[in-house]
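Below is one structure, written out as structure tokens; comments come after it.
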Number of protein chains: 2
Amino acid sequence: MRDGHIPETTVARLPTYLQVLVEATDRGVATLSSEELAAAAGMNSAKVRKDLSYLGTYGTRGVGYEVAALAREIAQALGIAEDQPVVLIGVGNLGRALATYDGFERRGFRLVALFDADPTVVGQQVGSHAVQPTADLEVVLHRHGVAMAMLAIPAPHAQAMTDRLVDAGVRSILSFAPVHVTVPEHVTVRRVDLATELQILSFYERVAAQFTA
Amino acid sequence: MRDGHIPETTVARLPTYLQVLVEATDRGVATLSSEELAAAAGMNSAKVRKDLSYLGTYGTRGVGYEVAALAREIAQALGIAEDQPVVLIGVGNLGRALATYDGFERRGFRLVALFDADPTVVGQQVGSHAVQPTADLEVVLHRHGVAMAMLAIPAPHAQAMTDRLVDAGVRSILSFAPVHVTVPEHVTVRRVDLATELQILSFYERVAAQFTA
DNA sequence: CTTTGTGAAATCCTTCACAGCG
DNA sequence: CGCTGTGAAGGATTTCACAAAG
């Protein structure tokens, strides 16, 4: 393929492939077929091959994909060939869990600072960082060249803080606030809303229950 | 419409509409047009109207949608007209945040029990529940008629615990373990993987950076 | 002989655009 | 006259199925 454009759905699956490849590396597996990759990722092989073809041609016919090379290639496409600096805004219950989660560090990111607006939280040690006041936000973002932020603050403050992050040069935001925020064209926001996920599940639960009843 | 089938993408958006409607209720707004609903939810009005049409016809031409009636209808479709009992397995960092998150309670769910395999955690009070040993899982699930579970345990234990949940009658699982688990046809698993979300963002960050550079 | 890479077909989702209702 | 509800058009994604490569 190799024409620069990768479908959104494919991008969303690349992290899953990467994870399977990293596990395969740990197990000492050198090569995986699209069929094996698909089984481990929970999808079908045609989709795997089509997805990987957008990155270029890294497979060998009759053999499969070289695990190490493909992992490197996906990490490259995802922009995590070297670690990306990230900050976390909001050190409440969820923020604390995020700050101490080692998955970010193991999967391409480096948490460089924690911020909170609450003066009673500022100064506390959470994981390997002391919480800083939001007043210092711009200085720290600039010093570390941070382009990504995680937002774990109450919904009413989300838009104002987002505006501030965008002004400070942040281009990607992972928001846990259950509210839509508006951003300029060049900024991407992904929202993770835990209650929303449960509600979606609940819908299908209901459908399944009908067959059971 | 009214033919029982609702597209997945529509189901995934219903919780957002519901949230906008609940906020509108709080502000004392009685009626919303598809245009207003779309603006608050961050999408376009045609999509809103098409989505809502799958539920039936609840709008009034020339006026818009009656907020209270539509909210009730969406809650009904999502199966949260009355609260759904849910359990949480795994009371580590993330589990603690989930156990103390009040969004679940406010948005249609009732957390009925916490479980952990670690004997040093069992018995601890987390939020309004004492952590129970996983040995008691089946009894508790059965007693409360639980069909939904949240899974916040290490990846290597995810499949075994999932099998146990399914055997105990759970039909919907929200998993935070970064691994694919296999389940029977009638069971739904949604996976929320925080590092995956950041990696997807990172991809678009890279694209945006190219324009900036 | 096995498995990739990919056009083409099939399916699914979004957007358009407007008839028709209130 | 304003706004919903929806066929039809347009896009996007998935799946099929097979030619070509190792």
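So you can find residues: chains in the structure tokens are A, B, ... in the order shown, residues in each start at 1, and ligands are numbered from 1 in order.
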
Q: From a DSSP calculation on the backbone, collect every residue of chain B in strand (DSSP E) and output the set as a ChimeraX atom specification.
A: /B:31-32,59-60,64-66,84-89,109-116,125-126,129-133,148-151,172-175,188-191

**Q.** DSSP-assigned helix (DSSP H, G or I) among chain B, expressed as number ranges by chain
**A.** B: 8-26, 34-41, 45-53, 67-77, 93-100, 103-106, 134-144, 155-167, 194-212

(Q) Using only C-alpha atoms for the distances, tell me which of A:Ala155, A:Ala75, A:Gly103, A:Met161 is nearest to Ala177 (chain A). (A)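 Nearest to Ala177 (chain A): A:Ala155.
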
Find the residues of chain C that sit at most 7 Å from chain A; for each, write down the nearest two atoms and how far apart they are in Å, to one decimal. Count only C-alpha atoms (C1' of nucleotides). Sort by chain, then by number going up, and give it as CSV.
residue,atom,partner,partner_atom,distance
C:DT2,C1',A:Gly62,CA,4.3
C:DT3,C1',A:Gly62,CA,4.0
C:DT4,C1',A:Arg61,CA,4.6
C:DG5,C1',A:Ser53,CA,6.9

Write out the residues from the selection above, keeping all heavy atoms, as a PDB file, in the first residue's frame.
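Generated output (again_5.pdb):
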ATOM      1  P    DT C   2       0.221 -27.172   2.585  1.00  0.00           P
ATOM      2  OP1  DT C   2       0.072 -28.245   3.570  1.00  0.00           O
ATOM      3  OP2  DT C   2      -0.899 -26.787   1.682  1.00  0.00           O
ATOM      4  O5'  DT C   2       0.687 -25.855   3.349  1.00  0.00           O
ATOM      5  C5'  DT C   2       2.038 -25.692   3.775  1.00  0.00           C
ATOM      6  C4'  DT C   2       2.316 -24.201   3.824  1.00  0.00           C
ATOM      7  O4'  DT C   2       2.499 -23.682   2.485  1.00  0.00           O
ATOM      8  C3'  DT C   2       1.181 -23.388   4.453  1.00  0.00           C
ATOM      9  O3'  DT C   2       1.746 -22.648   5.512  1.00  0.00           O
ATOM     10  C2'  DT C   2       0.659 -22.510   3.315  1.00  0.00           C
ATOM     11  C1'  DT C   2       1.853 -22.430   2.374  1.00  0.00           C
ATOM     12  N1   DT C   2       1.538 -22.220   0.938  1.00  0.00           N
ATOM     13  C2   DT C   2       2.193 -21.214   0.255  1.00  0.00           C
ATOM     14  O2   DT C   2       3.010 -20.471   0.767  1.00  0.00           O
ATOM     15  N3   DT C   2       1.865 -21.110  -1.081  1.00  0.00           N
ATOM     16  C4   DT C   2       0.967 -21.892  -1.771  1.00  0.00           C
ATOM     17  O4   DT C   2       0.756 -21.701  -2.971  1.00  0.00           O
ATOM     18  C5   DT C   2       0.306 -22.924  -0.993  1.00  0.00           C
ATOM     19  C7   DT C   2      -0.707 -23.824  -1.651  1.00  0.00           C
ATOM     20  C6   DT C   2       0.623 -23.035   0.311  1.00  0.00           C
ATOM     21  P    DT C   3       0.877 -21.834   6.527  1.00  0.00           P
ATOM     22  OP1  DT C   3       1.546 -21.879   7.828  1.00  0.00           O
ATOM     23  OP2  DT C   3      -0.528 -22.264   6.361  1.00  0.00           O
ATOM     24  O5'  DT C   3       0.987 -20.370   5.936  1.00  0.00           O
ATOM     25  C5'  DT C   3       2.246 -19.725   5.921  1.00  0.00           C
ATOM     26  C4'  DT C   3       2.073 -18.435   5.160  1.00  0.00           C
ATOM     27  O4'  DT C   3       1.816 -18.727   3.765  1.00  0.00           O
ATOM     28  C3'  DT C   3       0.887 -17.592   5.636  1.00  0.00           C
ATOM     29  O3'  DT C   3       1.309 -16.257   5.748  1.00  0.00           O
ATOM     30  C2'  DT C   3      -0.134 -17.774   4.541  1.00  0.00           C
ATOM     31  C1'  DT C   3       0.793 -17.874   3.327  1.00  0.00           C
ATOM     32  N1   DT C   3       0.170 -18.410   2.100  1.00  0.00           N
ATOM     33  C2   DT C   3       0.555 -17.881   0.891  1.00  0.00           C
ATOM     34  O2   DT C   3       1.391 -17.001   0.792  1.00  0.00           O
ATOM     35  N3   DT C   3      -0.081 -18.406  -0.201  1.00  0.00           N
ATOM     36  C4   DT C   3      -1.045 -19.393  -0.206  1.00  0.00           C
ATOM     37  O4   DT C   3      -1.535 -19.790  -1.262  1.00  0.00           O
ATOM     38  C5   DT C   3      -1.403 -19.914   1.100  1.00  0.00           C
ATOM     39  C7   DT C   3      -2.448 -20.988   1.215  1.00  0.00           C
ATOM     40  C6   DT C   3      -0.790 -19.401   2.174  1.00  0.00           C
ATOM     41  P    DT C   4       0.401 -15.102   6.293  1.00  0.00           P
ATOM     42  OP1  DT C   4       0.925 -14.733   7.609  1.00  0.00           O
ATOM     43  OP2  DT C   4      -1.015 -15.416   6.120  1.00  0.00           O
ATOM     44  O5'  DT C   4       0.810 -13.968   5.270  1.00  0.00           O
ATOM     45  C5'  DT C   4       2.176 -13.638   5.097  1.00  0.00           C
ATOM     46  C4'  DT C   4       2.375 -13.010   3.730  1.00  0.00           C
ATOM     47  O4'  DT C   4       1.731 -13.830   2.737  1.00  0.00           O
ATOM     48  C3'  DT C   4       1.771 -11.610   3.595  1.00  0.00           C
ATOM     49  O3'  DT C   4       2.741 -10.769   2.994  1.00  0.00           O
ATOM     50  C2'  DT C   4       0.533 -11.817   2.723  1.00  0.00           C
ATOM     51  C1'  DT C   4       0.907 -13.046   1.905  1.00  0.00           C
ATOM     52  N1   DT C   4      -0.237 -13.907   1.474  1.00  0.00           N
ATOM     53  C2   DT C   4      -0.492 -14.039   0.133  1.00  0.00           C
ATOM     54  O2   DT C   4       0.157 -13.467  -0.730  1.00  0.00           O
ATOM     55  N3   DT C   4      -1.544 -14.880  -0.177  1.00  0.00           N
ATOM     56  C4   DT C   4      -2.338 -15.584   0.700  1.00  0.00           C
ATOM     57  O4   DT C   4      -3.240 -16.312   0.293  1.00  0.00           O
ATOM     58  C5   DT C   4      -2.021 -15.396   2.104  1.00  0.00           C
ATOM     59  C7   DT C   4      -2.825 -16.110   3.129  1.00  0.00           C
ATOM     60  C6   DT C   4      -1.001 -14.578   2.420  1.00  0.00           C
ATOM     61  P    DG C   5       2.622  -9.180   3.164  1.00  0.00           P
ATOM     62  OP1  DG C   5       3.954  -8.582   2.988  1.00  0.00           O
ATOM     63  OP2  DG C   5       1.824  -8.876   4.358  1.00  0.00           O
ATOM     64  O5'  DG C   5       1.739  -8.829   1.890  1.00  0.00           O
ATOM     65  C5'  DG C   5       2.332  -8.941   0.617  1.00  0.00           C
ATOM     66  C4'  DG C   5       1.305  -8.572  -0.437  1.00  0.00           C
ATOM     67  O4'  DG C   5       0.280  -9.595  -0.464  1.00  0.00           O
ATOM     68  C3'  DG C   5       0.570  -7.257  -0.195  1.00  0.00           C
ATOM     69  O3'  DG C   5       0.533  -6.599  -1.450  1.00  0.00           O
ATOM     70  C2'  DG C   5      -0.821  -7.693   0.290  1.00  0.00           C
ATOM     71  C1'  DG C   5      -0.997  -8.999  -0.452  1.00  0.00           C
ATOM     72  N9   DG C   5      -1.880  -9.979   0.170  1.00  0.00           N
ATOM     73  C8   DG C   5      -2.008 -10.265   1.517  1.00  0.00           C
ATOM     74  N7   DG C   5      -2.861 -11.226   1.755  1.00  0.00           N
ATOM     75  C5   DG C   5      -3.326 -11.602   0.506  1.00  0.00           C
ATOM     76  C6   DG C   5      -4.270 -12.599   0.139  1.00  0.00           C
ATOM     77  O6   DG C   5      -4.891 -13.371   0.868  1.00  0.00           O
ATOM     78  N1   DG C   5      -4.446 -12.643  -1.235  1.00  0.00           N
ATOM     79  C2   DG C   5      -3.808 -11.848  -2.143  1.00  0.00           C
ATOM     80  N2   DG C   5      -4.101 -12.022  -3.423  1.00  0.00           N
ATOM     81  N3   DG C   5      -2.922 -10.908  -1.819  1.00  0.00           N
ATOM     82  C4   DG C   5      -2.733 -10.848  -0.486  1.00  0.00           C
TER      83       DG C   5
END

Q: Would you work out the distance separating CA of Phe109 (chain B) from CA of Gln84 (chain B), expressed in Å to one decimal?
A: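 Value for the CA of Phe109 (chain B)-CA of Gln84 (chain B) distance: 4.7 Å.
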
Please report, as JSON lines, each residue of chain A lying at most 7 Å from chain B, together with the nearest pair of atoms and the separation in Å rounded to one decimal; use only C-alpha atoms, and order rows by chain and ascending residue number.
{"residue": "A:Val11", "atom": "CA", "partner": "B:Ile200", "partner_atom": "CA", "distance": 6.5}
{"residue": "A:Ala12", "atom": "CA", "partner": "B:Ile200", "partner_atom": "CA", "distance": 5.9}
{"residue": "A:Pro15", "atom": "CA", "partner": "B:Thr196", "partner_atom": "CA", "distance": 5.6}
{"residue": "A:Ala40", "atom": "CA", "partner": "B:His180", "partner_atom": "CA", "distance": 7.0}
{"residue": "A:Ala41", "atom": "CA", "partner": "B:His180", "partner_atom": "CA", "distance": 6.0}
{"residue": "A:Gly42", "atom": "CA", "partner": "B:His180", "partner_atom": "CA", "distance": 6.3}
{"residue": "A:Ala77", "atom": "CA", "partner": "B:Phe203", "partner_atom": "CA", "distance": 6.7}
{"residue": "A:Leu78", "atom": "CA", "partner": "B:Phe203", "partner_atom": "CA", "distance": 4.4}
{"residue": "A:Gly79", "atom": "CA", "partner": "B:Phe203", "partner_atom": "CA", "distance": 5.7}
{"residue": "A:Asn93", "atom": "CA", "partner": "B:Ala97", "partner_atom": "CA", "distance": 4.9}
{"residue": "A:Leu94", "atom": "CA", "partner": "B:Ala97", "partner_atom": "CA", "distance": 5.0}
{"residue": "A:Ala97", "atom": "CA", "partner": "B:Asn93", "partner_atom": "CA", "distance": 4.9}
{"residue": "A:Gly103", "atom": "CA", "partner": "B:Ala195", "partner_atom": "CA", "distance": 6.2}
{"residue": "A:Phe104", "atom": "CA", "partner": "B:Ala195", "partner_atom": "CA", "distance": 5.4}
{"residue": "A:Arg107", "atom": "CA", "partner": "B:Ala195", "partner_atom": "CA", "distance": 6.6}
{"residue": "A:Arg171", "atom": "CA", "partner": "B:Glu205", "partner_atom": "CA", "distance": 6.2}
{"residue": "A:Ser172", "atom": "CA", "partner": "B:Glu205", "partner_atom": "CA", "distance": 6.0}
{"residue": "A:Leu174", "atom": "CA", "partner": "B:Leu198", "partner_atom": "CA", "distance": 6.9}
{"residue": "A:His180", "atom": "CA", "partner": "B:Ala41", "partner_atom": "CA", "distance": 6.0}
{"residue": "A:His186", "atom": "CA", "partner": "B:Ala208", "partner_atom": "CA", "distance": 6.1}
{"residue": "A:Ala195", "atom": "CA", "partner": "B:Phe104", "partner_atom": "CA", "distance": 5.4}
{"residue": "A:Thr196", "atom": "CA", "partner": "B:Pro15", "partner_atom": "CA", "distance": 5.6}
{"residue": "A:Leu198", "atom": "CA", "partner": "B:Leu174", "partner_atom": "CA", "distance": 6.9}
{"residue": "A:Gln199", "atom": "CA", "partner": "B:Leu78", "partner_atom": "CA", "distance": 6.2}
{"residue": "A:Ile200", "atom": "CA", "partner": "B:Ala12", "partner_atom": "CA", "distance": 5.9}
{"residue": "A:Leu201", "atom": "CA", "partner": "B:Ser172", "partner_atom": "CA", "distance": 6.0}
{"residue": "A:Ser202", "atom": "CA", "partner": "B:Leu78", "partner_atom": "CA", "distance": 5.9}
{"residue": "A:Phe203", "atom": "CA", "partner": "B:Leu78", "partner_atom": "CA", "distance": 4.3}
{"residue": "A:Glu205", "atom": "CA", "partner": "B:Ser172", "partner_atom": "CA", "distance": 6.0}
{"residue": "A:Arg206", "atom": "CA", "partner": "B:Gly79", "partner_atom": "CA", "distance": 6.0}
{"residue": "A:Ala208", "atom": "CA", "partner": "B:His186", "partner_atom": "CA", "distance": 6.1}

Q: For CA of Thr120 (chain B) and CA of His142 (chain B), quote the distance in Å rounded to one decimal.
A: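 So the answer is 25.2 Å.
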
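Residues with any atom within 9 Å of region 7-20 of chain D, counting only C-alpha atoms (C1' of nucleotides) and excluding same-chain neighbours fewer than 6 positions away, are Pro7, Thr9, Ala46 and Lys47 of chain A; DG5, DA8, DA9, DA10, DT11, DC12, DC13, DT14, DT15 and DC16 of chain C.
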
Q | Residue neighbourhood Gly169 (chain A), 9 Å, only C-alpha atoms (C1' of nucleotides), exclusion window fewer than 2 positions, as a PyMOL selection string | A | chain A and resi 138+141-142+145-147+164-167+171

Q: Identify all chain D residues at most 6 Å from chain B by counting only C-alpha atoms (C1' of nucleotides); ligands do not count. Present them as a list in words.
A: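 In the required form, that comes to DG2, DC3 and DT4 of chain D.
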
Could you take the residues named above and write them with all heavy atoms, as a PDB file, in the first residue's frame?
ATOM      1  P    DG D   2     -38.678  29.258   9.754  1.00  0.00           P
ATOM      2  OP1  DG D   2     -37.899  30.281  10.479  1.00  0.00           O
ATOM      3  OP2  DG D   2     -38.250  28.777   8.434  1.00  0.00           O
ATOM      4  O5'  DG D   2     -38.822  28.005  10.723  1.00  0.00           O
ATOM      5  C5'  DG D   2     -39.472  28.125  11.984  1.00  0.00           C
ATOM      6  C4'  DG D   2     -39.317  26.815  12.712  1.00  0.00           C
ATOM      7  O4'  DG D   2     -40.159  25.821  12.098  1.00  0.00           O
ATOM      8  C3'  DG D   2     -37.901  26.257  12.646  1.00  0.00           C
ATOM      9  O3'  DG D   2     -37.631  25.651  13.895  1.00  0.00           O
ATOM     10  C2'  DG D   2     -37.948  25.268  11.487  1.00  0.00           C
ATOM     11  C1'  DG D   2     -39.384  24.770  11.543  1.00  0.00           C
ATOM     12  N9   DG D   2     -39.974  24.462  10.246  1.00  0.00           N
ATOM     13  C8   DG D   2     -39.750  25.114   9.050  1.00  0.00           C
ATOM     14  N7   DG D   2     -40.447  24.612   8.053  1.00  0.00           N
ATOM     15  C5   DG D   2     -41.170  23.568   8.644  1.00  0.00           C
ATOM     16  C6   DG D   2     -42.094  22.670   8.059  1.00  0.00           C
ATOM     17  O6   DG D   2     -42.480  22.606   6.887  1.00  0.00           O
ATOM     18  N1   DG D   2     -42.600  21.778   9.002  1.00  0.00           N
ATOM     19  C2   DG D   2     -42.264  21.761  10.320  1.00  0.00           C
ATOM     20  N2   DG D   2     -42.847  20.831  11.070  1.00  0.00           N
ATOM     21  N3   DG D   2     -41.395  22.596  10.880  1.00  0.00           N
ATOM     22  C4   DG D   2     -40.893  23.473   9.977  1.00  0.00           C
ATOM     23  P    DC D   3     -36.267  24.964  14.230  1.00  0.00           P
ATOM     24  OP1  DC D   3     -35.954  25.229  15.651  1.00  0.00           O
ATOM     25  OP2  DC D   3     -35.292  25.230  13.160  1.00  0.00           O
ATOM     26  O5'  DC D   3     -36.700  23.450  14.109  1.00  0.00           O
ATOM     27  C5'  DC D   3     -37.720  22.935  14.957  1.00  0.00           C
ATOM     28  C4'  DC D   3     -37.905  21.495  14.591  1.00  0.00           C
ATOM     29  O4'  DC D   3     -38.518  21.422  13.286  1.00  0.00           O
ATOM     30  C3'  DC D   3     -36.591  20.722  14.480  1.00  0.00           C
ATOM     31  O3'  DC D   3     -36.758  19.494  15.152  1.00  0.00           O
ATOM     32  C2'  DC D   3     -36.379  20.559  13.001  1.00  0.00           C
ATOM     33  C1'  DC D   3     -37.820  20.486  12.493  1.00  0.00           C
ATOM     34  N1   DC D   3     -38.010  20.849  11.076  1.00  0.00           N
ATOM     35  C2   DC D   3     -38.971  20.165  10.338  1.00  0.00           C
ATOM     36  O2   DC D   3     -39.656  19.298  10.896  1.00  0.00           O
ATOM     37  N3   DC D   3     -39.149  20.476   9.025  1.00  0.00           N
ATOM     38  C4   DC D   3     -38.405  21.429   8.465  1.00  0.00           C
ATOM     39  N4   DC D   3     -38.620  21.707   7.173  1.00  0.00           N
ATOM     40  C5   DC D   3     -37.411  22.144   9.195  1.00  0.00           C
ATOM     41  C6   DC D   3     -37.248  21.818  10.494  1.00  0.00           C
ATOM     42  P    DT D   4     -35.619  18.392  15.262  1.00  0.00           P
ATOM     43  OP1  DT D   4     -35.295  18.332  16.686  1.00  0.00           O
ATOM     44  OP2  DT D   4     -34.553  18.600  14.265  1.00  0.00           O
ATOM     45  O5'  DT D   4     -36.468  17.112  14.876  1.00  0.00           O
ATOM     46  C5'  DT D   4     -37.716  16.908  15.510  1.00  0.00           C
ATOM     47  C4'  DT D   4     -38.568  15.966  14.680  1.00  0.00           C
ATOM     48  O4'  DT D   4     -38.693  16.495  13.344  1.00  0.00           O
ATOM     49  C3'  DT D   4     -37.995  14.557  14.540  1.00  0.00           C
ATOM     50  O3'  DT D   4     -39.067  13.635  14.731  1.00  0.00           O
ATOM     51  C2'  DT D   4     -37.432  14.523  13.118  1.00  0.00           C
ATOM     52  C1'  DT D   4     -38.335  15.521  12.392  1.00  0.00           C
ATOM     53  N1   DT D   4     -37.744  16.250  11.236  1.00  0.00           N
ATOM     54  C2   DT D   4     -38.343  16.149   9.998  1.00  0.00           C
ATOM     55  O2   DT D   4     -39.326  15.463   9.796  1.00  0.00           O
ATOM     56  N3   DT D   4     -37.748  16.883   9.002  1.00  0.00           N
ATOM     57  C4   DT D   4     -36.642  17.702   9.119  1.00  0.00           C
ATOM     58  O4   DT D   4     -36.205  18.328   8.146  1.00  0.00           O
ATOM     59  C5   DT D   4     -36.057  17.767  10.433  1.00  0.00           C
ATOM     60  C7   DT D   4     -34.845  18.619  10.657  1.00  0.00           C
ATOM     61  C6   DT D   4     -36.621  17.042  11.420  1.00  0.00           C
TER      62       DT D   4
END

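From CA of Phe115 (chain B) back to CA of Ala130 (chain B), the distance works out to 8.7 Å.
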